[in-house]
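Right, one structure below, let's go through it.
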Amino acid sequence: FFPAEVKRVGDTVLGIATQCVQAKNVIKTTPQTLSNLCLKMNVKLGGVNSILLPAVRPRIFTEPVIFLGCDITHPPAGDSRKPSIAAVVGSMDAHPSRYAATVRVQAHRQEIISDLTYMARELLIQFYRSTRFKPTRIIIYRDGVSEGQFFNVLQYELRALRECCMLLEEDYQPGITFIAVQKRHHTRLFAVDKKDQVGKAFNIPPGTTVDVGITHPTEFDFYLCSHAGIQGTSRPSHYHVLWDDNQLSADELQQLTYQMCHTYVRCTRSVSIPAPAYYAHLVAFRARYHLVDREHDSGEGSQPSGTSEDTTLSNMARAVQVHPDANNVMYFA
């Protein structure tokens with residue numbers, strides 16, 4: 001409970017960076033522990049840990065581009081009252097290395113981000129203030145959606161993004177690429193040649209991409225194992241390209257996705273999903289900390305209805321709004 005309260009007060013009340021460390025880890029002071037702490041603290045204080053080298057970046061970076069990560073977290077099974085939390089993060093520079101976040105509470109177990117229009121609008125305005133450019137391309141990595149929801153999510157959220165752009169300028173129509181990210185599946189990849197096997201678990205090497213044979217016969221999807229499996233069998237992430245105004249080739253999109261897995265600020269290795277999607281998950285998870293007091297105040301045992309339920313949601317919506325000073329840096333890192 002103590003770390004949750006520290007994060008809540010720092011993020012929503014005081015607007016200051018916080019870093020919780022267990023005493024036993026401070027006493028050990030191993031290089032790895034100190035390195036991990038420094039990576040987090042540097043970013044929370046406005047620093048930059050790493051960027052993509054301009055020489056290896058794909059052509060999409062020749063014009064202003066914003067990367068959005070979206071995720072929804074739901075309350076645990078058996079809980080029929082707590083709201084779901086939607087988070088959207090957006091890149092704030094050309095590298096991309098810095099991100100800003102928006103978060104909302106919404107109806108229990110709702111799969112679609114209901115306020116995406118205004119969440120994306122906030123991020124596009126912040127991007128313009130940070131770079132003095134309007135993005136001509138929007139790349140979205142959408143996490144937390146099942147294949148059965150693809151059509152509904154795309155239909156609503158793509159329209160929400162179009163509306164967002166029209167709210168800013170009537171003729172503003174940046175190219176949108178919408179990619180769904182899936183981690184929870186049962187597909188595993190193995191190297192046929194023993195020379196390609198990595199580690200004790202004989203995993204495939206990081207960067208392995210499969211877009212034929214086991215993928216959909218007509219839709220644009222691919223498997224990418226972007227991380228090194230340190231323990232156990234690596235699980236590749238499954239990417240579904242649901243919409244692509246930018247007309248990126250399969251190679252370009254796969255290379256871009258793999259490179260975005262190297263920009264995660266908490267570590268110096270590549271991670272299993274692109275950094276924007278990872279950050280959206282962190283923001284939604286952090287918002288649970290901000291709701292601790294509100295959930296207790298709402299009375300876990302009671303069953304509110306009508307106006308009282310609306311009031312509870314309204315109070316929770318205010319509770320997850322972070323202090324403006326905190327949102328100027330990556331408080332969620």
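How things are named: the first chain in the structure tokens is A, the next is B, and so on; residues count from 1 in each chain; ligands count from 1 in the order shown.
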Can you pull out the residues contacting range 49-65 of chain A? Cut-off 8 Å, using only C-alpha atoms, and skip same-chain residues under 3 positions away; I want them as a list of chain:residue names.
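My reading of the contact set: A:Leu39, A:Asn42, A:Val43, A:Ala94, A:His95, A:Pro96, A:Ser97, A:Phe133, A:Lys134, A:Pro135, A:Thr136, A:Arg137, A:Ile138, A:Ile139, A:Glu252, A:Gln255, A:Leu256, A:Gln259, A:Thr263, A:Val265.
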Please run DSSP on the backbone and report, as an MDAnalysis selection string, all residues within range 58-154 of chain A that come out as strand (DSSP E or B).
chainID A and resid 65:73 84:91 99:106 137:143
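Distance check against Leu291 in chain A using only C-alpha atoms: of A:Asn315, A:Thr187, A:Thr218, A:Ser270, the minimum falls on A:Asn315.
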Figure out the distance between CA of Tyr258 in chain A and CA of Val271 in chain A, please, to one decimal in Å.
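Computing the Euclidean distance for CA of Val271 in chain A and CA of Tyr258 in chain A yields 9.2 Å.
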Just how far from CA of Glu147 in chain A is CA of Leu313 in chain A, in Å to one decimal?
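Between CA of Leu313 in chain A and CA of Glu147 in chain A the gap is 28.7 Å.
Checking A:Gly90, A:Gly15, A:Pro236, A:Pro83 one by one against Ala107 in chain A, counting only C-alpha atoms, you find the shortest gap at A:Pro83.
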Could you please write out, as a ChimeraX atom specification, every residue of range 122-330 of chain A that DSSP assigns to helix (DSSP H, G or I)?
/A:122-131,147-168,194-196,250-260,275-290,292-297,307-319,324-327
Non-local contacts of Tyr172 in chain A (9 Å; only C-alpha atoms; under 5 positions in same chain excluded) as a list in words:
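Using only C-alpha atoms, the neighbours found are Thr136, Arg162, Cys165, Met166 and Leu167 of chain A.
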Suppose we keep N, CA and C atoms; can you now write the selection as a tab-separated table (two decimals), in the first residue's frame?
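Dumped to out15.tsv:
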chain	number	residue	atom	x	y	z
A	136	THR	N	2.39	14.26	-39.95
A	136	THR	CA	1.73	13.89	-41.20
A	136	THR	C	1.40	12.40	-41.22
A	162	ARG	N	-9.99	10.08	-36.79
A	162	ARG	CA	-10.32	11.01	-37.88
A	162	ARG	C	-11.03	12.25	-37.31
A	165	CYS	N	-8.59	14.61	-35.61
A	165	CYS	CA	-7.82	15.45	-36.54
A	165	CYS	C	-8.69	16.58	-37.09
A	166	MET	N	-9.95	16.29	-37.37
A	166	MET	CA	-10.84	17.33	-37.90
A	166	MET	C	-11.16	18.38	-36.85
A	167	LEU	N	-11.15	18.00	-35.57
A	167	LEU	CA	-11.35	18.98	-34.50
A	167	LEU	C	-10.20	19.99	-34.45
Name the closest residue to Cys164 in chain A among the candidates A:Ala120, A:Val181, A:His186, A:Phe127; distances are taken between atoms, counting only C-alpha atoms.
A:Ala120
Need the shell around Thr209 in chain A: protein/DNA/RNA residues with any atom at most 7 Å away, counting only C-alpha atoms. Skip same-chain ones fewer than 4 positions apart. Format as a PyMOL selection string?
chain A and resi 223-225
Just-selected residues, C-alpha atoms written as a tab-separated table (two decimals), in the first residue's frame:
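Contents of selection04.tsv, freshly written:
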chain	number	residue	atom	x	y	z
A	223	TYR	CA	4.89	-12.81	-35.89
A	224	LEU	CA	7.95	-11.02	-34.50
A	225	CYS	CA	10.15	-12.31	-31.70
